[in-house]
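Here the structure is laid out as structure tokens; the discussion comes afterwards.
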Protein chains: 2
Amino acid sequence: MTTKNPNVSVDCVIFGFDFENLNILLIEQKLDDTLKKNTRFALPGDLVNFDENLDSAAYRVLKELTSIEKIYLKQFHAFGDPKRLAKVEDQYWLKKLREQPAARVITVAYFSLIKMTDVAPRAASFAGNTHWVDINSVPKLAFDHDKVLKKAVETLRDDLMNKQIGYELLPNKFTLSQLQKLYEVVLGIKLDKRNFRKKMKKNDFVIPLNEKQKGVLHKPAQLYSFEPKDED
Amino acid sequence: MTTKNPNVSVDCVIFGFDFENLNILLIEQKLDDTLKKNTRFALPGDLVNFDENLDSAAYRVLKELTSIEKIYLKQFHAFGDPKRLAKVEDQYWLKKLREQPAARVITVAYFSLIKMTDVAPRAASFAGNTHWVDINSVPKLAFDHDKVLKKAVETLRDDLMNKQIGYELLPNKFTLSQLQKLYEVVLGIKLDKRNFRKKMKKNDFVIPLNEKQKGVLHKPAQLYSFEPKDED
């Protein structure tokens, strides 16, 4: 008997920040020449084993497919449309991989926001290759992964605005320009400099330091640090 | 062949607000005299059908077990500990109900925050009875429902602080005392009146009206309204 639960999978949305762009990590699926496309992209994901919990499955699957480990994965949503794996290409791919390719699978999705330089993805198992793709140029993905990615982006943006995730991507001491860049890259929009500074200075988690930038050619900017706050 | 996916269920955490307390809706499971307990409480939940999506399953199951419908359910987390249904009582109960009582089931959990007076729960199907229970006096629950409830409470509190959910439970025009009561009941703590008012007046989603309470015996209080804001 198989050790895999035919009805439950995990998928991982890995956001890579490189100070200029927001990218996501995709794996390549080699399809067949008889199909319209012979290659396509997907989020790293696979079935959960019967004896493992969902978080462990996410870490295992990410490592098996991309070699990435020791990053924090956060569960954000489960997707269970009965037709989520019903396309011809989906079924072609699943027949190669799974004992029950037609099984109804719900997937529990995880995401992570990391510095791209902190990891070195390397494809393994059924991942044909790994690619970092700019969030603004993502091709049509396998299965329902477009929907999963959309929800992940929404969650990430929401968490940046409401839970101050992402600050760990900045240096310990940062300028408001660096902070604005982080917000702009993650939110995918240009922000008005004056408004942004006014807002950030009102927050009680962005703390001005008694210190300025050093070794820069331009006028050195004020440095800030991040102090996470529990709501009271 | 059964129409139910043996490996995927939904559970619903219904928070009922009555202006004084926060309650949750539980259903009763009648067990057997040979067991340590012959009755216990659980969140309303059941297996997902093969042909329905997760949201539909949550609405259907809630209606089947408690007769509640037309409320908004929000998915918040999936739970998949391989041992989440392994207790003697769990297995006793599942053997009565399910074709594959030993199946590994992951559950996708939903929550809702409603005014208790807006619904009239009525037990049906395998729900022995329905009960509103004060969040501070919840007995030990079936399966892993203690864990599901704990996470639901965390999510609810987080959403109140960061997403201003809950304002729809107040009258359209409310006093800061009413608003403070809502926060206190949901957060489960007493708040300092002066600090609370200072904070709320700084927010741009709580808008003072040119209007005071009418027909009260005490000094009439200033009225406010809620204006949801998109982050900019």
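Residues are referred to by chain and number: the chain letter is A, B, ... according to the order shown in the structure tokens, the number counts from 1 in that chain, and ligands are numbered separately from 1 in the order shown.
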Within 6 Å of chain B, which residues of chain A come that close, and what is the closest atom pair and distance in Å for each? Count only C-alpha atoms and give it as JSON lines.
```
{"residue": "A:Asp51", "atom": "CA", "partner": "B:Pro82", "partner_atom": "CA", "distance": 5.7}
{"residue": "A:Asn53", "atom": "CA", "partner": "B:Asp81", "partner_atom": "CA", "distance": 4.7}
{"residue": "A:Leu54", "atom": "CA", "partner": "B:Gly80", "partner_atom": "CA", "distance": 5.4}
{"residue": "A:Gly80", "atom": "CA", "partner": "B:Asn53", "partner_atom": "CA", "distance": 5.3}
{"residue": "A:Asp81", "atom": "CA", "partner": "B:Asn53", "partner_atom": "CA", "distance": 4.6}
{"residue": "A:Pro82", "atom": "CA", "partner": "B:Asp51", "partner_atom": "CA", "distance": 5.7}
{"residue": "A:Asn162", "atom": "CA", "partner": "B:Asn162", "partner_atom": "CA", "distance": 5.8}
```
**Message:** Give me, as a PyMOL selection string, all polymer residues having an atom no more than 12 Å from A:Asp33, counting only C-alpha atoms and skipping those fewer than 5 positions away in the same chain.
**Reply:** chain A and resi 38-39+89+92
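One finds atom CA of A:Arg157 at 19.7 Å from atom CA of A:Asp204.
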**Item:** Long-range neighbours of B:Asp192 as a PyMOL selection string, 12 Å cut-off, only C-alpha atoms, 2 positions minimum in chain
**Value:** (chain A and resi 232) or (chain B and resi 177+180-181+183-184+189-190+194-199)
**Request:** Give the alpha helix (DSSP H) residues of chain A, as DSSP finds them on the backbone, and put them as an NGL selection string.
**Result:** :A and (54-66 or 88-97 or 145-163 or 176-187 or 193-202)
**Request:** Assign secondary structure with DSSP using the backbone only, and return the residues of chain B in strand (DSSP E) as a ChimeraX atom specification.
**Result:** /B:4-17,22-30,39-42,45-49,74-79,106-115,130-134,206-212,222-226
**Request:** Pick out the residues sitting within 12 Å of B:Lys214, and hand them over as JSON, numbers by chain; count only C-alpha atoms, and ignore anything fewer than 3 positions along from it in its own chain.
**Result:** {"B": [173, 174, 175, 211, 217, 218, 219, 220, 221, 222, 223]}
Those residues you just picked out, can you put them in a file as a PDB file, in the first residue's frame with N, CA and C atoms?
```pdb
ATOM      1  N   LYS B 173     -24.527  53.707  14.306  1.00  0.00           N
ATOM      2  CA  LYS B 173     -23.970  54.810  15.080  1.00  0.00           C
ATOM      3  C   LYS B 173     -23.728  54.278  16.484  1.00  0.00           C
ATOM      4  N   PHE B 174     -22.485  54.333  16.925  1.00  0.00           N
ATOM      5  CA  PHE B 174     -22.153  53.706  18.208  1.00  0.00           C
ATOM      6  C   PHE B 174     -21.330  54.662  19.068  1.00  0.00           C
ATOM      7  N   THR B 175     -21.314  54.380  20.356  1.00  0.00           N
ATOM      8  CA  THR B 175     -20.483  55.169  21.269  1.00  0.00           C
ATOM      9  C   THR B 175     -19.138  54.475  21.446  1.00  0.00           C
ATOM     10  N   GLU B 211     -23.327  64.328  16.209  1.00  0.00           N
ATOM     11  CA  GLU B 211     -24.546  63.772  16.774  1.00  0.00           C
ATOM     12  C   GLU B 211     -24.239  63.083  18.096  1.00  0.00           C
ATOM     13  N   LEU B 217     -30.564  58.411  30.058  1.00  0.00           N
ATOM     14  CA  LEU B 217     -30.712  59.129  31.321  1.00  0.00           C
ATOM     15  C   LEU B 217     -29.422  59.842  31.710  1.00  0.00           C
ATOM     16  N   HIS B 218     -28.287  59.179  31.384  1.00  0.00           N
ATOM     17  CA  HIS B 218     -26.988  59.785  31.711  1.00  0.00           C
ATOM     18  C   HIS B 218     -26.622  60.842  30.667  1.00  0.00           C
ATOM     19  N   LYS B 219     -25.516  61.465  30.861  1.00  0.00           N
ATOM     20  CA  LYS B 219     -25.015  62.473  29.919  1.00  0.00           C
ATOM     21  C   LYS B 219     -24.849  61.806  28.550  1.00  0.00           C
ATOM     22  N   PRO B 220     -25.494  62.323  27.499  1.00  0.00           N
ATOM     23  CA  PRO B 220     -25.431  61.625  26.204  1.00  0.00           C
ATOM     24  C   PRO B 220     -24.011  61.608  25.630  1.00  0.00           C
ATOM     25  N   ALA B 221     -23.616  60.459  25.112  1.00  0.00           N
ATOM     26  CA  ALA B 221     -22.251  60.304  24.596  1.00  0.00           C
ATOM     27  C   ALA B 221     -22.198  60.622  23.102  1.00  0.00           C
ATOM     28  N   GLN B 222     -21.042  61.036  22.690  1.00  0.00           N
ATOM     29  CA  GLN B 222     -20.754  61.298  21.277  1.00  0.00           C
ATOM     30  C   GLN B 222     -20.955  60.010  20.473  1.00  0.00           C
ATOM     31  N   LEU B 223     -21.538  60.131  19.288  1.00  0.00           N
ATOM     32  CA  LEU B 223     -21.713  58.959  18.424  1.00  0.00           C
ATOM     33  C   LEU B 223     -20.645  58.916  17.328  1.00  0.00           C
TER      34      LEU B 223
END
```
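Distance-wise, atom CA of A:Arg60 and atom CA of A:Phe17 end up 22.6 Å apart.
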**Message:** Using only C-alpha atoms, which protein or nucleic acid residues come within 6 Å of B:Thr130? Drop anything in the same chain fewer than 4 positions from it, and give the result as a VMD selection string.
**Reply:** chain B and resid 26 to 27 123
Could you take the residues named above and write them with all heavy atoms, as an mmCIF file, in the first residue's frame?
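selection.cif, freshly written:
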```cif
data_model
loop_
_atom_site.group_PDB
_atom_site.id
_atom_site.type_symbol
_atom_site.label_atom_id
_atom_site.label_comp_id
_atom_site.auth_asym_id
_atom_site.auth_seq_id
_atom_site.Cartn_x
_atom_site.Cartn_y
_atom_site.Cartn_z
ATOM 1 N N LEU B 26 -21.466 24.744 19.847
ATOM 2 C CA LEU B 26 -20.987 23.359 19.882
ATOM 3 C C LEU B 26 -22.143 22.402 19.639
ATOM 4 O O LEU B 26 -23.297 22.717 19.944
ATOM 5 C CB LEU B 26 -20.356 23.066 21.248
ATOM 6 C CG LEU B 26 -19.144 23.925 21.616
ATOM 7 C CD1 LEU B 26 -18.696 23.613 23.035
ATOM 8 C CD2 LEU B 26 -18.005 23.691 20.627
ATOM 9 N N ILE B 27 -21.816 21.242 19.095
ATOM 10 C CA ILE B 27 -22.837 20.201 18.982
ATOM 11 C C ILE B 27 -22.477 19.071 19.940
ATOM 12 O O ILE B 27 -21.314 18.891 20.317
ATOM 13 C CB ILE B 27 -22.979 19.649 17.545
ATOM 14 C CG1 ILE B 27 -21.665 19.013 17.065
ATOM 15 C CG2 ILE B 27 -23.418 20.736 16.583
ATOM 16 C CD1 ILE B 27 -21.805 18.257 15.751
ATOM 17 N N ALA B 123 -30.479 21.619 16.200
ATOM 18 C CA ALA B 123 -29.672 20.436 15.882
ATOM 19 C C ALA B 123 -30.386 19.525 14.898
ATOM 20 O O ALA B 123 -31.597 19.358 14.960
ATOM 21 C CB ALA B 123 -29.351 19.662 17.156
#
```
**Message:** For B:Lys87, find every residue with an atom within 12 Å (counting only C-alpha atoms), except residues of its own chain fewer than 2 positions away, and show them as a PyMOL selection string.
**Reply:** chain B and resi 35-36+82-85+89-94+101-102+141-144
Kindly export the residues of the current selection with C-alpha atoms, as a compact mmCIF listing (two decimals), in the first residue's frame.
```
# COMPACT_ATOMS: atom_id res chain seq x y z
CA LEU B 35 -16.68 4.84 27.61
CA LYS B 36 -15.36 7.20 30.23
CA PRO B 82 -1.99 12.17 11.62
CA LYS B 83 -3.21 11.40 15.16
CA ARG B 84 -5.96 14.00 15.34
CA LEU B 85 -8.76 11.38 15.39
CA GLU B 89 -13.79 8.16 21.96
CA ASP B 90 -12.91 9.59 18.53
CA GLN B 91 -12.78 6.15 17.00
CA TYR B 92 -15.96 5.01 18.76
CA TRP B 93 -17.82 7.99 17.31
CA LEU B 94 -16.36 7.69 13.81
CA PRO B 101 -13.38 5.44 10.47
CA ALA B 102 -9.60 4.94 10.58
CA LEU B 141 -13.72 19.02 22.93
CA ALA B 142 -13.79 16.02 20.59
CA PHE B 143 -10.95 15.18 18.19
CA ASP B 144 -8.42 18.07 17.91
```
Would you pick out the contacts of B:Val133 at 9 Å or less, using only C-alpha atoms, so that residues sharing its chain but fewer than 6 positions from it are not included, and give the list as a short mmCIF file (atom, residue, chain, number, x, y, z; two decimals) with N, CA, C and O atoms, in the first residue's frame?
```
data_model
loop_
_atom_site.label_atom_id
_atom_site.label_comp_id
_atom_site.auth_asym_id
_atom_site.auth_seq_id
_atom_site.Cartn_x
_atom_site.Cartn_y
_atom_site.Cartn_z
N LEU B 22 -18.48 36.44 24.59
CA LEU B 22 -18.22 35.78 23.32
C LEU B 22 -18.50 34.29 23.53
O LEU B 22 -17.97 33.68 24.47
N ASN B 23 -19.33 33.72 22.70
CA ASN B 23 -19.71 32.32 22.84
C ASN B 23 -19.34 31.55 21.59
O ASN B 23 -19.16 32.14 20.53
N ILE B 24 -19.23 30.22 21.71
CA ILE B 24 -19.09 29.43 20.49
C ILE B 24 -20.17 28.37 20.45
O ILE B 24 -20.66 27.92 21.48
N LEU B 25 -20.49 27.98 19.23
CA LEU B 25 -21.56 27.03 19.01
C LEU B 25 -20.99 25.61 18.95
O LEU B 25 -20.12 25.32 18.12
N LEU B 26 -21.47 24.74 19.85
CA LEU B 26 -20.99 23.36 19.88
C LEU B 26 -22.14 22.40 19.64
O LEU B 26 -23.30 22.72 19.94
N PRO B 139 -15.67 23.17 27.55
CA PRO B 139 -15.14 21.89 28.05
C PRO B 139 -14.13 21.30 27.06
O PRO B 139 -13.97 21.83 25.96
#
```
**Fill in**
atom CA of B:Tyr110 sits from atom CA of B:Ile68 at a separation of 13.9 Å
